[in-house]
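This is upload18.cif. It holds mmCIF, C-alpha atoms (C1' of nucleotides).
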```
data_upload
#
loop_
_atom_site.label_atom_id
_atom_site.label_comp_id
_atom_site.auth_asym_id
_atom_site.auth_seq_id
_atom_site.Cartn_x
_atom_site.Cartn_y
_atom_site.Cartn_z
CA MET A 13 -10.81 -33.14 12.57
CA GLY A 14 -13.93 -33.41 10.51
CA LYS A 15 -12.61 -35.43 7.61
CA ALA A 16 -15.87 -37.28 7.25
CA GLU A 17 -17.88 -34.07 7.22
CA ALA A 18 -15.64 -32.60 4.57
CA LYS A 19 -16.13 -35.68 2.43
CA ASP A 20 -19.88 -35.46 2.82
CA ILE A 21 -19.90 -31.80 1.90
CA PHE A 22 -17.89 -32.43 -1.23
CA SER A 23 -19.92 -35.45 -2.20
CA ASP A 24 -23.12 -33.45 -1.80
CA TYR A 25 -21.70 -30.53 -3.70
CA VAL A 26 -20.74 -32.78 -6.58
CA ARG A 27 -24.13 -34.47 -6.65
CA GLU A 28 -26.03 -31.21 -6.46
CA LYS A 29 -24.12 -29.84 -9.41
CA GLY A 30 -25.18 -32.84 -11.46
CA LEU A 31 -21.63 -34.19 -11.44
CA ARG A 32 -20.49 -37.64 -10.39
CA ASN A 33 -18.61 -39.04 -7.45
CA THR A 34 -15.63 -41.01 -8.62
CA ARG A 35 -12.93 -42.95 -6.85
CA GLN A 36 -10.40 -40.40 -8.10
CA ARG A 37 -12.31 -37.53 -6.55
CA GLU A 38 -12.52 -39.40 -3.29
CA ALA A 39 -8.83 -40.25 -3.33
CA ILE A 40 -7.93 -36.66 -4.14
CA LEU A 41 -9.94 -35.24 -1.26
CA GLU A 42 -8.71 -37.94 1.13
CA THR A 43 -5.08 -37.30 0.31
CA PHE A 44 -5.54 -33.56 0.24
CA LEU A 45 -7.04 -33.61 3.73
CA SER A 46 -4.11 -35.65 5.01
CA SER A 47 -1.54 -33.40 3.41
CA GLY A 48 0.39 -30.52 4.86
CA LYS A 49 -0.56 -26.94 4.32
CA HIS A 50 -0.03 -25.03 1.12
CA ILE A 51 0.36 -27.94 -1.22
CA THR A 52 0.92 -27.60 -4.97
CA VAL A 53 -0.83 -29.61 -7.68
CA GLU A 54 2.41 -31.41 -8.29
CA ASP A 55 2.88 -32.29 -4.60
CA LEU A 56 -0.57 -33.75 -4.41
CA TYR A 57 -0.18 -35.54 -7.72
CA ASN A 58 2.98 -37.21 -6.49
CA SER A 59 1.40 -38.26 -3.20
CA LEU A 60 -1.58 -39.69 -5.01
CA ARG A 61 0.33 -41.77 -7.50
CA ARG A 62 1.43 -44.07 -4.71
CA LYS A 63 -2.09 -44.86 -3.57
CA THR A 64 -3.94 -44.35 -6.82
CA PRO A 65 -1.64 -45.42 -9.65
CA GLY A 66 -2.59 -44.18 -13.05
CA ILE A 67 -4.21 -41.01 -11.77
CA GLY A 68 -3.63 -38.10 -14.13
CA TYR A 69 -2.19 -34.69 -13.43
CA ALA A 70 -5.12 -33.00 -15.13
CA THR A 71 -7.56 -34.82 -12.91
CA VAL A 72 -5.78 -33.68 -9.78
CA HIS A 73 -5.69 -30.13 -11.08
CA ARG A 74 -9.34 -30.15 -12.12
CA ASN A 75 -10.47 -31.46 -8.78
CA LEU A 76 -8.44 -29.03 -6.73
CA LYS A 77 -10.24 -26.30 -8.63
CA LEU A 78 -13.53 -28.03 -7.92
CA LEU A 79 -12.66 -28.25 -4.23
CA CYS A 80 -12.11 -24.50 -4.22
CA GLU A 81 -15.41 -24.00 -5.94
CA SER A 82 -17.11 -26.10 -3.28
CA GLY A 83 -15.62 -23.88 -0.61
CA LEU A 84 -13.56 -26.65 0.98
CA ALA A 85 -10.23 -25.45 -0.35
CA ASN A 86 -8.52 -22.22 -1.08
CA GLU A 87 -6.07 -21.33 -3.81
CA ILE A 88 -3.04 -19.25 -2.92
CA LYS A 89 -1.20 -17.52 -5.70
CA VAL A 90 2.20 -16.03 -5.08
CA GLY A 91 3.60 -14.07 -7.98
CA THR A 92 4.27 -16.45 -10.85
CA ASP A 93 5.02 -19.38 -8.59
CA LYS A 94 2.94 -22.50 -8.76
CA ALA A 95 -0.51 -22.22 -7.28
CA ARG A 96 -0.83 -23.63 -3.79
CA PHE A 97 -3.93 -25.04 -2.17
CA GLU A 98 -4.96 -25.16 1.45
CA ILE A 99 -7.87 -26.65 3.32
CA LYS A 100 -10.49 -24.06 4.11
CA TYR A 101 -13.05 -26.28 5.80
CA GLY A 102 -12.68 -26.05 9.56
CA HIS A 103 -9.98 -23.40 9.27
CA GLU A 104 -10.80 -19.79 9.82
CA HIS A 105 -9.66 -17.01 7.53
CA HIS A 106 -6.05 -15.95 7.80
CA ASP A 107 -3.40 -14.17 5.77
CA HIS A 108 0.10 -15.23 4.95
CA LEU A 109 3.55 -13.83 5.48
CA ILE A 110 5.98 -15.10 2.90
CA CYS A 111 9.73 -14.65 2.88
CA ILE A 112 10.92 -13.59 -0.56
CA ARG A 113 14.33 -15.07 0.19
CA CYS A 114 13.88 -18.37 1.99
CA GLY A 115 10.22 -19.06 1.30
CA ARG A 116 9.20 -19.18 4.97
CA PHE A 117 5.43 -19.20 4.76
CA ILE A 118 3.37 -18.53 7.89
CA GLU A 119 -0.24 -17.84 8.71
CA VAL A 120 -1.21 -14.66 10.50
CA LYS A 121 -4.41 -12.96 11.50
CA ASP A 122 -5.22 -9.50 12.80
CA GLU A 123 -8.86 -8.65 13.31
CA ARG A 124 -8.17 -4.93 13.19
CA ILE A 125 -6.56 -5.21 9.78
CA GLU A 126 -9.42 -7.36 8.55
CA ARG A 127 -11.99 -4.83 9.71
CA LEU A 128 -10.13 -1.89 8.24
CA GLN A 129 -9.71 -3.66 4.93
CA ASP A 130 -13.39 -4.44 4.72
CA LYS A 131 -14.26 -0.85 5.49
CA LEU A 132 -11.80 0.44 2.94
CA ALA A 133 -13.21 -1.85 0.27
CA GLU A 134 -16.77 -0.84 1.07
CA ALA A 135 -15.91 2.86 1.11
CA ASN A 136 -14.75 2.39 -2.47
CA ASP A 137 -17.78 0.45 -3.59
CA PHE A 138 -16.14 -2.91 -3.48
CA VAL A 139 -17.55 -6.04 -1.94
CA PRO A 140 -14.50 -7.70 -0.42
CA VAL A 141 -13.85 -11.21 -1.69
CA ARG A 142 -10.28 -11.96 -0.84
CA HIS A 143 -6.97 -10.32 -0.20
CA ASN A 144 -3.46 -11.41 -0.64
CA LYS A 145 -0.31 -12.21 1.19
CA CYS A 146 2.39 -9.99 2.53
CA PHE A 147 5.95 -10.43 1.46
CA GLY A 148 8.99 -9.69 3.49
CA ARG A 149 12.35 -10.94 4.50
CA SER A 150 12.34 -13.36 7.38
CA ARG A 151 14.80 -12.73 10.18
CA LYS A 152 14.66 -16.46 10.75
CA GLY A 153 15.44 -17.03 7.11
CA ALA A 154 17.51 -19.92 5.83
CA MET B 25 5.52 16.24 -12.99
CA GLY B 26 9.21 15.52 -12.75
CA LYS B 27 9.72 13.70 -16.02
CA ALA B 28 13.15 15.22 -16.44
CA GLU B 29 14.20 14.20 -12.94
CA ALA B 30 13.02 10.66 -13.54
CA LYS B 31 15.04 10.52 -16.72
CA ASP B 32 18.13 11.77 -14.93
CA ILE B 33 17.69 9.25 -12.15
CA PHE B 34 17.40 6.39 -14.60
CA SER B 35 20.26 7.59 -16.72
CA ASP B 36 22.47 7.86 -13.63
CA TYR B 37 21.35 4.47 -12.38
CA VAL B 38 22.24 2.88 -15.70
CA ARG B 39 25.62 4.58 -15.85
CA GLU B 40 26.49 3.71 -12.27
CA LYS B 41 25.75 0.06 -12.91
CA GLY B 42 28.21 0.10 -15.79
CA LEU B 43 25.39 -0.21 -18.29
CA ARG B 44 24.71 2.00 -21.28
CA ASN B 45 22.14 4.60 -22.13
CA THR B 46 20.48 3.74 -25.40
CA ARG B 47 17.82 5.41 -27.48
CA GLN B 48 15.52 2.44 -26.77
CA ARG B 49 15.91 2.89 -23.03
CA GLU B 50 15.14 6.57 -23.35
CA ALA B 51 12.10 5.89 -25.53
CA ILE B 52 10.84 3.24 -23.13
CA LEU B 53 11.06 5.51 -20.11
CA GLU B 54 9.59 8.46 -22.00
CA THR B 55 6.59 6.48 -23.19
CA PHE B 56 6.20 4.73 -19.85
CA LEU B 57 6.06 8.08 -18.05
CA SER B 58 3.41 9.32 -20.47
CA SER B 59 1.31 6.20 -20.18
CA GLY B 60 -1.64 5.53 -17.96
CA LYS B 61 -1.37 3.61 -14.75
CA HIS B 62 -0.93 -0.14 -14.47
CA ILE B 63 0.37 -0.78 -17.95
CA THR B 64 1.38 -4.22 -19.22
CA VAL B 65 4.51 -5.04 -21.20
CA GLU B 66 2.31 -5.57 -24.20
CA ASP B 67 0.56 -2.21 -23.82
CA LEU B 68 3.85 -0.40 -23.63
CA TYR B 69 5.30 -2.41 -26.51
CA ASN B 70 2.36 -1.45 -28.69
CA SER B 71 2.62 2.23 -27.78
CA LEU B 72 6.32 2.23 -28.48
CA ARG B 73 6.14 0.62 -31.89
CA ARG B 74 4.52 3.74 -33.28
CA LYS B 75 7.31 6.05 -32.17
CA THR B 76 10.21 3.61 -32.17
CA PRO B 77 9.63 1.15 -35.00
CA GLY B 78 11.62 -2.02 -34.78
CA ILE B 79 11.79 -2.04 -31.01
CA GLY B 80 11.61 -5.56 -29.63
CA TYR B 81 9.28 -7.02 -27.05
CA ALA B 82 12.19 -8.45 -25.08
CA THR B 83 13.80 -5.03 -24.88
CA VAL B 84 10.65 -3.48 -23.47
CA HIS B 85 10.34 -6.30 -20.98
CA ARG B 86 13.97 -6.13 -19.93
CA ASN B 87 13.84 -2.40 -19.41
CA LEU B 88 10.65 -2.44 -17.41
CA LYS B 89 12.43 -4.83 -15.08
CA LEU B 90 15.40 -2.51 -14.98
CA LEU B 91 13.12 0.43 -14.19
CA CYS B 92 11.79 -1.53 -11.23
CA GLU B 93 15.31 -2.27 -10.12
CA SER B 94 16.16 1.41 -10.27
CA GLY B 95 13.21 2.17 -8.01
CA LEU B 96 11.36 4.25 -10.59
CA ALA B 97 8.74 1.64 -11.36
CA ASN B 98 6.81 -1.01 -9.56
CA GLU B 99 5.60 -4.37 -10.75
CA ILE B 100 2.09 -5.46 -9.86
CA LYS B 101 1.25 -9.11 -10.14
CA VAL B 102 -2.33 -10.23 -9.96
CA GLY B 103 -2.77 -13.98 -9.87
CA THR B 104 -1.59 -15.41 -13.16
CA ASP B 105 -2.56 -12.33 -15.13
CA LYS B 106 0.04 -10.41 -17.03
CA ALA B 107 2.37 -8.36 -14.92
CA ARG B 108 1.52 -4.69 -14.74
CA PHE B 109 3.87 -1.81 -14.14
CA GLU B 110 3.29 1.54 -12.54
CA ILE B 111 5.38 4.63 -11.98
CA LYS B 112 6.76 4.76 -8.47
CA TYR B 113 8.80 7.93 -8.72
CA GLY B 114 6.83 10.83 -7.28
CA HIS B 115 3.99 8.55 -6.23
CA GLU B 116 3.64 7.45 -2.66
CA HIS B 117 2.95 3.90 -1.59
CA HIS B 118 -0.57 2.66 -2.05
CA ASP B 119 -2.48 -0.58 -2.34
CA HIS B 120 -4.93 -1.70 -4.98
CA LEU B 121 -8.50 -2.83 -5.03
CA ILE B 122 -9.22 -5.02 -8.01
CA CYS B 123 -12.58 -6.25 -9.19
CA ILE B 124 -12.47 -9.95 -9.98
CA ARG B 125 -15.36 -9.52 -12.39
CA CYS B 126 -14.89 -6.33 -14.37
CA GLY B 127 -11.23 -5.62 -13.68
CA ARG B 128 -11.85 -2.19 -12.10
CA PHE B 129 -8.50 -1.35 -10.58
CA ILE B 130 -8.17 1.50 -8.08
CA GLU B 131 -5.55 2.80 -5.72
CA VAL B 132 -6.23 3.02 -2.00
CA LYS B 133 -4.29 3.89 1.10
CA ASP B 134 -4.97 3.53 4.77
CA GLU B 135 -2.24 4.50 7.19
CA ARG B 136 -3.72 2.44 9.98
CA ILE B 137 -3.65 -0.71 7.87
CA GLU B 138 -0.09 0.02 6.82
CA ARG B 139 1.03 0.45 10.40
CA LEU B 140 -0.75 -2.68 11.59
CA GLN B 141 0.70 -4.72 8.76
CA ASP B 142 4.20 -3.57 9.57
CA LYS B 143 3.71 -4.43 13.22
CA LEU B 144 2.28 -7.83 12.37
CA ALA B 145 5.22 -8.60 10.12
CA GLU B 146 7.72 -7.52 12.72
CA ALA B 147 5.99 -9.47 15.47
CA ASN B 148 6.57 -12.55 13.36
CA ASP B 149 10.18 -11.78 12.60
CA PHE B 150 9.57 -10.51 9.12
CA VAL B 151 11.00 -7.36 7.62
CA PRO B 152 8.14 -6.08 5.50
CA VAL B 153 9.00 -5.64 1.84
CA ARG B 154 5.71 -5.48 0.05
CA HIS B 155 2.13 -6.58 0.29
CA ASN B 156 -0.46 -7.36 -2.26
CA LYS B 157 -3.76 -6.21 -3.57
CA CYS B 158 -7.24 -6.83 -2.36
CA PHE B 159 -9.79 -8.46 -4.58
CA GLY B 160 -13.48 -7.90 -4.50
CA ARG B 161 -16.51 -7.32 -6.60
CA SER B 162 -17.07 -3.74 -7.62
CA ARG B 163 -20.54 -2.35 -7.15
CA LYS B 164 -19.72 -0.06 -10.05
CA GLY B 165 -18.74 -3.09 -12.08
CA ALA B 166 -19.31 -3.37 -15.81
"C1'" DA C 3 -28.36 -54.57 -18.34
"C1'" DC C 4 -28.62 -50.37 -21.01
"C1'" DA C 5 -28.27 -45.72 -22.38
"C1'" DA C 6 -26.71 -41.22 -21.54
"C1'" DT C 7 -23.15 -38.50 -20.48
"C1'" DA C 8 -19.65 -36.86 -17.06
"C1'" DA C 9 -14.83 -37.98 -15.78
"C1'" DT C 10 -10.61 -39.52 -16.77
"C1'" DG C 11 -5.86 -39.60 -18.54
"C1'" DA C 12 -2.63 -38.63 -22.16
"C1'" DT C 13 -1.15 -35.14 -24.55
"C1'" DA C 14 -1.35 -30.85 -27.16
"C1'" DA C 15 -2.12 -25.97 -26.99
"C1'" DT C 16 -1.73 -21.74 -24.80
"C1'" DT C 17 0.23 -17.93 -22.38
"C1'" DG C 18 3.40 -14.99 -20.13
"C1'" DT C 19 8.05 -14.77 -19.13
"C1'" DT C 20 12.83 -15.53 -19.70
"C1'" DA C 21 17.09 -17.26 -22.16
"C1'" DT C 22 19.91 -17.51 -26.27
"C1'" DC C 23 22.76 -15.63 -29.67
"C1'" DA C 24 24.26 -13.28 -33.80
"C1'" DT C 25 24.39 -8.52 -34.84
"C1'" DT C 26 24.46 -3.60 -33.66
"C1'" DA C 27 25.95 0.28 -31.32
"C1'" DA C 28 27.41 2.84 -26.93
"C1'" DA C 29 31.35 4.40 -24.30
"C1'" DA C 30 36.25 4.64 -23.41
"C1'" DC C 31 40.48 5.40 -25.18
"C1'" DA C 32 44.42 5.77 -28.55
"C1'" DT D 26 38.36 10.68 -35.34
"C1'" DG D 27 39.04 5.73 -35.58
"C1'" DT D 28 39.44 1.64 -32.92
"C1'" DT D 29 38.30 -1.47 -29.37
"C1'" DT D 30 35.48 -3.40 -25.96
"C1'" DT D 31 31.47 -5.19 -24.58
"C1'" DA D 32 26.61 -4.15 -23.31
"C1'" DA D 33 22.08 -3.89 -25.73
"C1'" DT D 34 19.17 -5.15 -29.06
"C1'" DG D 35 15.75 -7.92 -31.57
"C1'" DA D 36 14.25 -12.27 -33.34
"C1'" DT D 37 13.21 -16.36 -31.83
"C1'" DA D 38 13.51 -20.48 -29.02
"C1'" DA D 39 12.87 -22.40 -24.51
"C1'" DC D 40 10.39 -22.77 -20.50
"C1'" DA D 41 6.88 -23.56 -16.97
"C1'" DA D 42 2.38 -23.55 -15.35
"C1'" DT D 43 -2.15 -23.94 -16.60
"C1'" DT D 44 -5.87 -25.19 -19.45
"C1'" DA D 45 -8.11 -27.41 -23.53
"C1'" DT D 46 -8.89 -31.42 -26.42
"C1'" DC D 47 -10.58 -35.83 -27.25
"C1'" DA D 48 -10.95 -40.77 -27.40
"C1'" DT D 49 -11.95 -44.00 -23.86
"C1'" DT D 50 -13.83 -45.38 -19.39
"C1'" DA D 51 -17.04 -45.46 -15.76
"C1'" DT D 52 -20.97 -43.62 -13.07
"C1'" DT D 53 -25.76 -42.77 -12.57
"C1'" DG D 54 -30.63 -43.18 -13.65
"C1'" DT D 55 -33.91 -45.98 -15.99
#
```
With the file now loaded, output its structure as structure tokens.
Amino acid sequence: MGKAEAKDIFSDYVREKGLRNTRQREAILETFLSSGKHITVEDLYNSLRRKTPGIGYATVHRNLKLLCESGLANEIKVGTDKARFEIKYGHEHHDHLICIRCGRFIEVKDERIERLQDKLAEANDFVPVRHNKCFGRSRKGA
Amino acid sequence: MGKAEAKDIFSDYVREKGLRNTRQREAILETFLSSGKHITVEDLYNSLRRKTPGIGYATVHRNLKLLCESGLANEIKVGTDKARFEIKYGHEHHDHLICIRCGRFIEVKDERIERLQDKLAEANDFVPVRHNKCFGRSRKGA
DNA sequence: ACAATAATGATAATTGTTATCATTAAAACA
DNA sequence: TGTTTTAATGATAACAATTATCATTATTGT
């Protein structure tokens, strides 16, 4: 699953930016890679406290941002809800369908939509960077 | 431009919900209809204070929400930025392209994308409700 | 080992949104 | 028209998520 590669990439990224590799950073990436999809800062913070007592919320938050910056992670913002983070390394681009009632949160991908979106952006003098989720009501909803 | 119709619709909506038509509500809708696209609560609040001194921020906020509920307005959330509101009445559905650098904010529409998104949602047992903006870097950017 | 300085962790500040509540004022009715 | 009922208002407090601050700790290069 490429955990070691991900760690190397992050470690290199940190070093090349003139930053430092710390045990907290390592623990954060390790636990993040082992976690489920779409985790919040709080989720990760709680998981980490077991293995890395004394770790601070701000540190977890800061390093999730840094992971995004490095390209290994991805931040998902849904309305005013808490930010969620997902692993990007080794996962190809996808969108999300989110139920506004029960929270069901699934990954979807449609190449035709992707292509059309890119074209639409370019036709309007935009360089596409990212696009957001779709909301709906799930028929499977809780 | 249908300002009168919009006012009637809102007035009826308020009455039918057992709520009351107030001069603040009227002023809020009037000013909202005269405002530019994608206005924030703060923008509208500032515009209103000139014509309706003493009006409260909470009142503006509450009534923008109510306007959304009535179907006349639409809330646009971009990340953790302030919520923006746009007139829905007399405007057909569209998406937005938003520059993550300069904030350029334009409306776009592509029927093919719309159709494909609806199909994708339905194929995954979702009833589509709304979908979000696309982010990019504008080549026209400031 | 030492010096330089980035990272950490605790906490405060910030920001946008929403809730609270005493007061005001619509709407219905006598 | 005056009275009653109760929703709306406006000021402010509460809230929640994120980000900034800063003294202390720890990593990296010498």
| request: Would you kindly return, as an NGL selection string, each protein, DNA or RNA residue with an atom no farther than 12 Å from any atom of Phe109 in chain B, considering only C-alpha atoms (C1' of nucleotides) and excluding same-chain residues fewer than 3 positions away? | output: :B and (53 or 56-57 or 59-68 or 84-85 or 87-92 or 95-102 or 106 or 112)
| query | Using the chain letters and numbers from the file, which residues does the PyMOL selection byres ((chain D) within 7 of (chain B)) grab, as number ranges by chain? | reply | D: 32, 34-35
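The space separating CA of Ile33 in chain B from CA of Ala107 in chain B comes to 23.5 Å.
Proximity to chain C was assessed for A:Arg74, A:Lys63, A:His105, A:Lys15 counting all atoms listed in the file; the smallest distance is recorded for A:Arg74.
Atom pair C1' of DG54 in chain D / CA of Lys29 in chain A has a distance of 15.4 Å (rounded to one decimal).
Distances from C:DA5, C:DA21, C:DA14, C:DC31 to chain B were compared using only C-alpha atoms (C1' of nucleotides), and the smallest one belongs to C:DA21.
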| Hits of the PyMOL selection byres ((chain C) within 10 of (chain B)) in this structure, as a ChimeraX atom specification | /C:17-20,27-29
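The residue that comes closest to chain B, out of A:Asp137, A:Asp130, A:Glu104, A:Asp20 and on the basis of all atoms listed in the file, is A:Asp137.
Nearest to chain A of all the residues B:Ile137, B:Ala147, B:Ile130, B:Val38 is B:Ile137, counting all atoms listed in the file.
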Can you take the partial range 99-120 of chain B, add N, CA and C atoms, and return it as a JSON list (two decimals), keeping the file's coordinate frame?
```
[["chain", "number", "residue", "atom", "x", "y", "z"],
["B", 99, "GLU", "N", 6.30, -3.32, -10.04],
["B", 99, "GLU", "CA", 5.60, -4.37, -10.75],
["B", 99, "GLU", "C", 4.42, -4.83, -9.91],
["B", 100, "ILE", "N", 3.28, -4.99, -10.55],
["B", 100, "ILE", "CA", 2.09, -5.46, -9.86],
["B", 100, "ILE", "C", 1.66, -6.77, -10.48],
["B", 101, "LYS", "N", 1.65, -7.79, -9.65],
["B", 101, "LYS", "CA", 1.25, -9.11, -10.14],
["B", 101, "LYS", "C", -0.11, -9.44, -9.57],
["B", 102, "VAL", "N", -1.01, -9.84, -10.42],
["B", 102, "VAL", "CA", -2.33, -10.23, -9.96],
["B", 102, "VAL", "C", -2.58, -11.65, -10.44],
["B", 103, "GLY", "N", -2.54, -12.58, -9.50],
["B", 103, "GLY", "CA", -2.77, -13.98, -9.87],
["B", 103, "GLY", "C", -1.85, -14.39, -10.99],
["B", 104, "THR", "N", -2.41, -15.01, -12.02],
["B", 104, "THR", "CA", -1.59, -15.41, -13.16],
["B", 104, "THR", "C", -1.74, -14.44, -14.32],
["B", 105, "ASP", "N", -2.43, -13.31, -14.06],
["B", 105, "ASP", "CA", -2.56, -12.33, -15.13],
["B", 105, "ASP", "C", -1.20, -11.78, -15.51],
["B", 106, "LYS", "N", -1.19, -11.05, -16.61],
["B", 106, "LYS", "CA", 0.04, -10.41, -17.03],
["B", 106, "LYS", "C", 0.53, -9.46, -15.94],
["B", 107, "ALA", "N", 1.81, -9.32, -15.86],
["B", 107, "ALA", "CA", 2.37, -8.36, -14.92],
["B", 107, "ALA", "C", 2.01, -6.95, -15.38],
["B", 108, "ARG", "N", 1.77, -6.10, -14.43],
["B", 108, "ARG", "CA", 1.52, -4.69, -14.74],
["B", 108, "ARG", "C", 2.58, -3.84, -14.07],
["B", 109, "PHE", "N", 2.84, -2.69, -14.66],
["B", 109, "PHE", "CA", 3.87, -1.81, -14.14],
["B", 109, "PHE", "C", 3.29, -0.43, -13.90],
["B", 110, "GLU", "N", 3.74, 0.19, -12.82],
["B", 110, "GLU", "CA", 3.29, 1.54, -12.54],
["B", 110, "GLU", "C", 4.48, 2.39, -12.15],
["B", 111, "ILE", "N", 4.32, 3.70, -12.35],
["B", 111, "ILE", "CA", 5.38, 4.63, -11.98],
["B", 111, "ILE", "C", 5.43, 4.73, -10.47],
["B", 112, "LYS", "N", 6.62, 4.66, -9.91],
["B", 112, "LYS", "CA", 6.76, 4.76, -8.47],
["B", 112, "LYS", "C", 7.30, 6.14, -8.11],
["B", 113, "TYR", "N", 8.16, 6.65, -9.00],
["B", 113, "TYR", "CA", 8.80, 7.93, -8.72],
["B", 113, "TYR", "C", 7.75, 9.03, -8.61],
["B", 114, "GLY", "N", 7.77, 9.74, -7.48],
["B", 114, "GLY", "CA", 6.83, 10.83, -7.28],
["B", 114, "GLY", "C", 5.44, 10.38, -6.88],
["B", 115, "HIS", "N", 5.28, 9.07, -6.67],
["B", 115, "HIS", "CA", 3.99, 8.55, -6.23],
["B", 115, "HIS", "C", 4.21, 7.84, -4.90],
["B", 116, "GLU", "N", 3.38, 8.14, -3.92],
["B", 116, "GLU", "CA", 3.64, 7.45, -2.66],
["B", 116, "GLU", "C", 2.98, 6.08, -2.63],
["B", 117, "HIS", "N", 3.44, 5.28, -1.69],
["B", 117, "HIS", "CA", 2.95, 3.90, -1.59],
["B", 117, "HIS", "C", 1.44, 3.85, -1.47],
["B", 118, "HIS", "N", 0.87, 2.87, -2.15],
["B", 118, "HIS", "CA", -0.57, 2.66, -2.05],
["B", 118, "HIS", "C", -0.86, 1.20, -2.33],
["B", 119, "ASP", "N", -2.05, 0.77, -2.01],
["B", 119, "ASP", "CA", -2.48, -0.58, -2.34],
["B", 119, "ASP", "C", -3.48, -0.52, -3.48],
["B", 120, "HIS", "N", -3.96, -1.66, -3.89],
["B", 120, "HIS", "CA", -4.93, -1.70, -4.98],
["B", 120, "HIS", "C", -6.16, -2.50, -4.59]]
```
